[in-house]
Amino acid sequence: MKRGLPDDAFSGKPMIGICNSASDLTPCNQHLDELAEFVKRGVWEAGGVPLEFPVTSLGETQIQPTAALLRNLMAMDVEESIRCNPLDGVVLLSGCDKTTPAMLMGAASVDLPSIMLTGGPMLTGRHRGAPLGSATDMWRMSEEVRAGKMSAEEFVATESSMTRSAGHCNPMGTASTMASMAEVLGMTLPQSASIPAPDTRRKQLAHLTGRRIVHMVYEDLRPSKVMTRPAFENAVKVLSAIGGSTNAVIHLLAIAGRVGVPLTLDDIDRIGSRLPLLVDIMPAGNRLMEDFFEAGGIPALMAELASILEGDALAVTGRPIRESWQGRTTSDTTMIRPLDQPIIEEAGIAVLRGNLCPQGAVVKPSAASPELLVHTGPALVFDSIEDFKARVDDPLLDVTAETVLVLRGCGPRGYPGMPEVGNMPLPEKMLKAGVRDMVRISDARMSGTAFGTTVLHVAPESTVGGPLALVRTGDRITLDVPSRSLTLHVSDDDLEQRRKEWHAPAPVATRGWSRLYIDHVMQADTGCDLDFLVGSSGSEVTRESH
Ligand code: FES
């Protein structure tokens with residue numbers, strides 16, 4: 001027998017796949033190989049057989065042109081790798097931004113018993129005694145360099161202090177947000193989201209995860225029994241309380257689509273937008289994931305939110321999710337605030353409608369400037385991110401603090417892949433004048449670690465003829481977050497005339513994955529999945545060629 005196992009090692013035992021997204025090309029996931037060994041111990045101990053296999057990995061900072069272009073490809077790889085092999089249950093090992101949603105999407109479409117273990121956040125890095133949030137402080141400091149307030153040498157020194165251990169980014173960026181969503185959805189054991197990557201307690205959790213998946217096979221506990229409508233409602237509520245990434249909106253909609261749970265963009269606003277921010281974590285707050293873990297992590301936060309959560313939702317523990325938070329309290333009420341003493345009263349992601357975004361757009365008030373949440377100004381339009389980069393620092397750029405920066409051609413089909421460029425760097429001219437935020441509107445996404453008054457995910461995107469394609473420099477635009485509206489002050493007749501003059505751009509890819517993606521990707525308001533991947537194919541493969 002291969003691997004030195006005795007002949008009867010496989011007989012009558014659950015075959016447990018360990019779906020591993022470790023890769024040298026994904027620094028945030030590199031340590032998953034080590035965690036896989038602890039998962040295997042738990043699987044053997046509980047009477048299963050661990051079988052590790054690699055899947056596509058997506059390193060957010062490495063992949064060009066954007067990792068989001070490949071999320072659905074990774075989800076397909078996960079789905080088919082699980083389905084085509086003789087497995088009874090699966091452990092999903094993820095970490096970086098896109099790897100967590102891709103794994104949940106793929107596993108949901110197979111619906112074999114599945115449990116996730118995320119890799120955990122990096123330890124807190126410091127510069128001159130101050131904590132540094134990976135990426136969040138990089139965004140802030142790069143603006144300081146451009147404003148002439150920080151030297152390039154100090155910027156480089158600070159950047160290298162940020163990444164001092166294994167793990168994913170440590171603010172509440174997309175990786176931490178999606179790890180939190182996986183825990184709240186019930187797809188991980190408690191505390192999976194926040195234990196720092198190098199902490200020995202994460203290895204213990206890996207061991208326990210390995211044990212637990214074997215029992216899940218005997219219990220036939222599948223993702224469709226865990227990721228139910230109440231579980232998604234809990235996720236949307238916690239997303240508000242943590243000041244989570246706007247990218248989570250797209251990923252939650254896509255995961256829900258795979259598992260057959262009706263969840264809409266309007267649900268995101270209705271369920272979550274009026275809820276408070278309770279966790280003091282970057283980019284909405286000041287601290288990092290290590291502090292969140294020390295303060296009690298997701299279980300302590302859910303205990304604070306217990307009165308508004310659906311406690312009966314089933315978790316991978318085989319027990320109602322409320323048992324994950326019962327008896328937990330935070331040890332630091334400055335880090336996890338009581339529900340009646342929030343950091344911000346209404347902090348959830350808001351969904352906007354209007355003649356500029358008939359299928360919706362999102363804005364994250366907790367990362368925005370309060371004085372810009374109601375704002376009217378003239379548009380300054382950029383047709384692509386390349387156009388933006390070429391002109392933004394021109395000293396002759398006609399821009400003031402009132403200007404609304406508009407970027408198009410960056411949606412799911414147009415770029416393609418909807419890159420994280422919606423938090424457009426401010427014009428150098430404005431930075432030097434002391435301006436630190438402006439209203440920005442685009443069909444792009446924004447890094448979960450970023451901040452600013454940025455209207456994102458405008459749908460339909462410009463490339464498919466959404467009204468964003470018709471805006472002209474000088475048009476006046478009103479953003480009104482309290483009334484959830486985004487208005488282009490151009491008459492319907494004028495817009496109709498502009499539409500007649502508009503020509504759809506040619507697709508930027510003619511072959512390969514990019515072409516398949518362009519032909520089938522859905523708009524941001526439904527999660528950017530490929531239209532033929534929505535739903536489940538199940539775990540059965542009816543034909544056999546051996
Ligand atoms: Fe991987 Fe931030 S780059 S989590």
# chains A, B, ... in the order shown; residues from 1 in each chain; ligands from 1
call {"tool": "residues_near_ligand", "arguments": {"ligand": "ligand 1", "cutoff": "9 Å", "atoms": "only C-alpha atoms and all ligand atoms", "output": "VMD selection string"}}
result
chain A and resid 26 to 29 58 to 62 95 to 98 121 134 to 135 167 to 171 173 to 176 447 to 449
call {"tool": "write_last_selection", "arguments": {"atoms": "N, CA, C and O atoms", "output": "CSV table (one decimal), in the first residue's frame"}}
result
chain,number,residue,atom,x,y,z
A,26,THR,N,1.1,32.4,-2.6
A,26,THR,CA,0.0,33.1,-1.8
A,26,THR,C,0.6,33.2,-0.4
A,26,THR,O,0.4,32.3,0.5
A,27,PRO,N,1.4,34.2,-0.1
A,27,PRO,CA,2.1,34.3,1.2
A,27,PRO,C,1.1,34.1,2.4
A,27,PRO,O,1.5,33.5,3.4
A,28,CYS,N,-0.1,34.6,2.3
A,28,CYS,CA,-1.0,34.6,3.4
A,28,CYS,C,-1.4,33.1,3.7
A,28,CYS,O,-1.9,32.8,4.8
A,29,ASN,N,-1.2,32.2,2.7
A,29,ASN,CA,-1.7,30.8,2.9
A,29,ASN,C,-0.5,29.8,3.1
A,29,ASN,O,-0.8,28.6,3.2
A,58,LEU,N,-5.1,31.8,-4.7
A,58,LEU,CA,-5.1,33.1,-5.2
A,58,LEU,C,-4.5,34.1,-4.2
A,58,LEU,O,-5.1,34.4,-3.2
A,59,GLY,N,-3.3,34.5,-4.5
A,59,GLY,CA,-2.6,35.5,-3.6
A,59,GLY,C,-3.0,36.9,-4.0
A,59,GLY,O,-2.6,37.4,-5.2
A,60,GLU,N,-3.6,37.6,-3.2
A,60,GLU,CA,-4.2,38.9,-3.5
A,60,GLU,C,-3.2,39.9,-4.1
A,60,GLU,O,-3.5,40.6,-5.0
A,61,THR,N,-2.0,39.9,-3.5
A,61,THR,CA,-1.0,40.9,-3.9
A,61,THR,C,-0.2,40.4,-5.1
A,61,THR,O,0.6,41.2,-5.6
A,62,GLN,N,-0.3,39.2,-5.5
A,62,GLN,CA,0.5,38.7,-6.6
A,62,GLN,C,-0.2,38.7,-7.9
A,62,GLN,O,0.4,38.9,-9.0
A,95,GLY,N,-7.3,31.2,3.5
A,95,GLY,CA,-6.7,32.4,4.2
A,95,GLY,C,-6.9,33.7,3.5
A,95,GLY,O,-7.6,34.5,3.9
A,96,CYS,N,-6.3,33.8,2.3
A,96,CYS,CA,-6.3,35.1,1.6
A,96,CYS,C,-7.7,35.4,1.1
A,96,CYS,O,-8.5,34.5,1.0
A,97,ASP,N,-7.9,36.7,0.7
A,97,ASP,CA,-9.2,37.2,0.4
A,97,ASP,C,-10.2,36.3,-0.4
A,97,ASP,O,-11.3,36.0,0.0
A,98,LYS,N,-9.7,35.9,-1.6
A,98,LYS,CA,-10.6,35.2,-2.5
A,98,LYS,C,-10.7,33.7,-2.2
A,98,LYS,O,-11.6,33.0,-2.6
A,121,PRO,N,-5.0,35.6,11.2
A,121,PRO,CA,-4.4,36.8,10.9
A,121,PRO,C,-2.9,36.9,11.3
A,121,PRO,O,-2.5,36.2,12.3
A,134,SER,N,-1.8,45.9,8.2
A,134,SER,CA,-1.3,45.6,6.9
A,134,SER,C,-2.3,46.2,5.9
A,134,SER,O,-3.5,46.1,6.0
A,135,ALA,N,-1.8,46.8,4.9
A,135,ALA,CA,-2.5,47.4,3.8
A,135,ALA,C,-3.2,48.7,4.3
A,135,ALA,O,-3.0,49.8,3.6
A,167,GLY,N,0.4,34.4,8.1
A,167,GLY,CA,-1.0,34.8,8.3
A,167,GLY,C,-1.5,35.8,7.3
A,167,GLY,O,-0.8,36.3,6.4
A,168,HIS,N,-2.8,36.1,7.3
A,168,HIS,CA,-3.4,37.0,6.3
A,168,HIS,C,-3.4,38.4,6.9
A,168,HIS,O,-3.1,38.6,8.1
A,169,CYS,N,-3.8,39.4,6.1
A,169,CYS,CA,-3.8,40.8,6.6
A,169,CYS,C,-4.6,40.9,7.9
A,169,CYS,O,-5.6,40.2,8.1
A,170,ASN,N,-4.1,41.8,8.8
A,170,ASN,CA,-4.7,41.8,10.1
A,170,ASN,C,-5.7,42.9,10.5
A,170,ASN,O,-6.2,43.0,11.6
A,171,PRO,N,-6.0,43.9,9.6
A,171,PRO,CA,-7.2,44.7,9.8
A,171,PRO,C,-8.4,43.9,9.5
A,171,PRO,O,-8.3,42.7,9.1
A,173,GLY,N,-10.0,43.6,6.9
A,173,GLY,CA,-10.0,43.6,5.5
A,173,GLY,C,-10.9,42.5,5.0
A,173,GLY,O,-11.6,41.8,5.8
A,174,THR,N,-10.7,42.2,3.7
A,174,THR,CA,-11.6,41.1,3.2
A,174,THR,C,-11.2,39.7,3.7
A,174,THR,O,-12.1,38.9,4.0
A,175,ALA,N,-9.9,39.4,3.9
A,175,ALA,CA,-9.6,38.1,4.5
A,175,ALA,C,-10.1,37.9,5.9
A,175,ALA,O,-10.8,36.9,6.2
A,176,SER,N,-9.9,38.9,6.8
A,176,SER,CA,-10.5,38.8,8.1
A,176,SER,C,-12.0,38.8,8.1
A,176,SER,O,-12.7,38.1,8.9
A,447,SER,N,-10.5,47.5,-1.8
A,447,SER,CA,-9.9,46.6,-0.8
A,447,SER,C,-10.6,46.8,0.5
A,447,SER,O,-10.9,47.9,0.9
A,448,GLY,N,-10.8,45.7,1.2
A,448,GLY,CA,-11.4,45.7,2.5
A,448,GLY,C,-10.6,46.5,3.5
A,448,GLY,O,-11.1,46.9,4.6
A,449,THR,N,-9.3,46.7,3.2
A,449,THR,CA,-8.5,47.4,4.2
A,449,THR,C,-8.5,48.9,3.9
A,449,THR,O,-7.9,49.7,4.6
call {"tool": "residues_around", "arguments": {"residues": "region 271-281 of chain A", "least_positions_apart": "5", "cutoff": "8 Å", "atoms": "only C-alpha atoms", "output": "ChimeraX atom specification"}}
result
/A:171-172,233,236-237,239-243,286-289,292,334-339,341-350,366
call {"tool": "residues_around", "arguments": {"residues": "region 456-461 of chain A", "least_positions_apart": "6", "cutoff": "6 Å", "atoms": "only C-alpha atoms", "output": "ChimeraX atom specification"}}
result
/A:357,359-362,411,442-445,524
call {"tool": "select_by_dssp", "arguments": {"residues": "region 297-457 of chain A", "states": "strand (DSSP E)", "output": "PyMOL selection string"}}
result
chain A and resi 350-352+361-363+374-382+404-407+440-442+454-455
call {"tool": "atom_distance", "arguments": {"atom1": "CA of Glu540 (chain A)", "atom2": "CA of Arg83 (chain A)"}}
result
7.3 Å
call {"tool": "closest_residue", "arguments": {"among": "A:Val481, A:Arg499, A:Val421, A:Ala433", "to": "Pro65 (chain A)", "atoms": "only C-alpha atoms"}}
result
A:Val421
call {"tool": "residues_around", "arguments": {"residues": "Gly12 (chain A)", "least_positions_apart": "5", "cutoff": "10 Å", "atoms": "only C-alpha atoms", "output": "list in words"}}
result
Gly47, Gly48 and Val49 of chain A
call {"tool": "write_last_selection", "arguments": {"atoms": "N, CA, C and O atoms", "output": "PDB file, in the first residue's frame"}}
result
ATOM      1  N   GLY A  47     -10.881   8.273  13.575  1.00  0.00           N
ATOM      2  CA  GLY A  47     -11.224   7.072  12.807  1.00  0.00           C
ATOM      3  C   GLY A  47     -11.423   7.310  11.330  1.00  0.00           C
ATOM      4  O   GLY A  47     -11.993   6.445  10.643  1.00  0.00           O
ATOM      5  N   GLY A  48     -10.972   8.438  10.813  1.00  0.00           N
ATOM      6  CA  GLY A  48     -11.067   8.686   9.373  1.00  0.00           C
ATOM      7  C   GLY A  48      -9.709   8.552   8.710  1.00  0.00           C
ATOM      8  O   GLY A  48      -8.693   8.303   9.361  1.00  0.00           O
ATOM      9  N   VAL A  49      -9.705   8.714   7.395  1.00  0.00           N
ATOM     10  CA  VAL A  49      -8.455   8.654   6.623  1.00  0.00           C
ATOM     11  C   VAL A  49      -8.259  10.008   5.940  1.00  0.00           C
ATOM     12  O   VAL A  49      -9.076  10.397   5.084  1.00  0.00           O
TER      13      VAL A  49
END
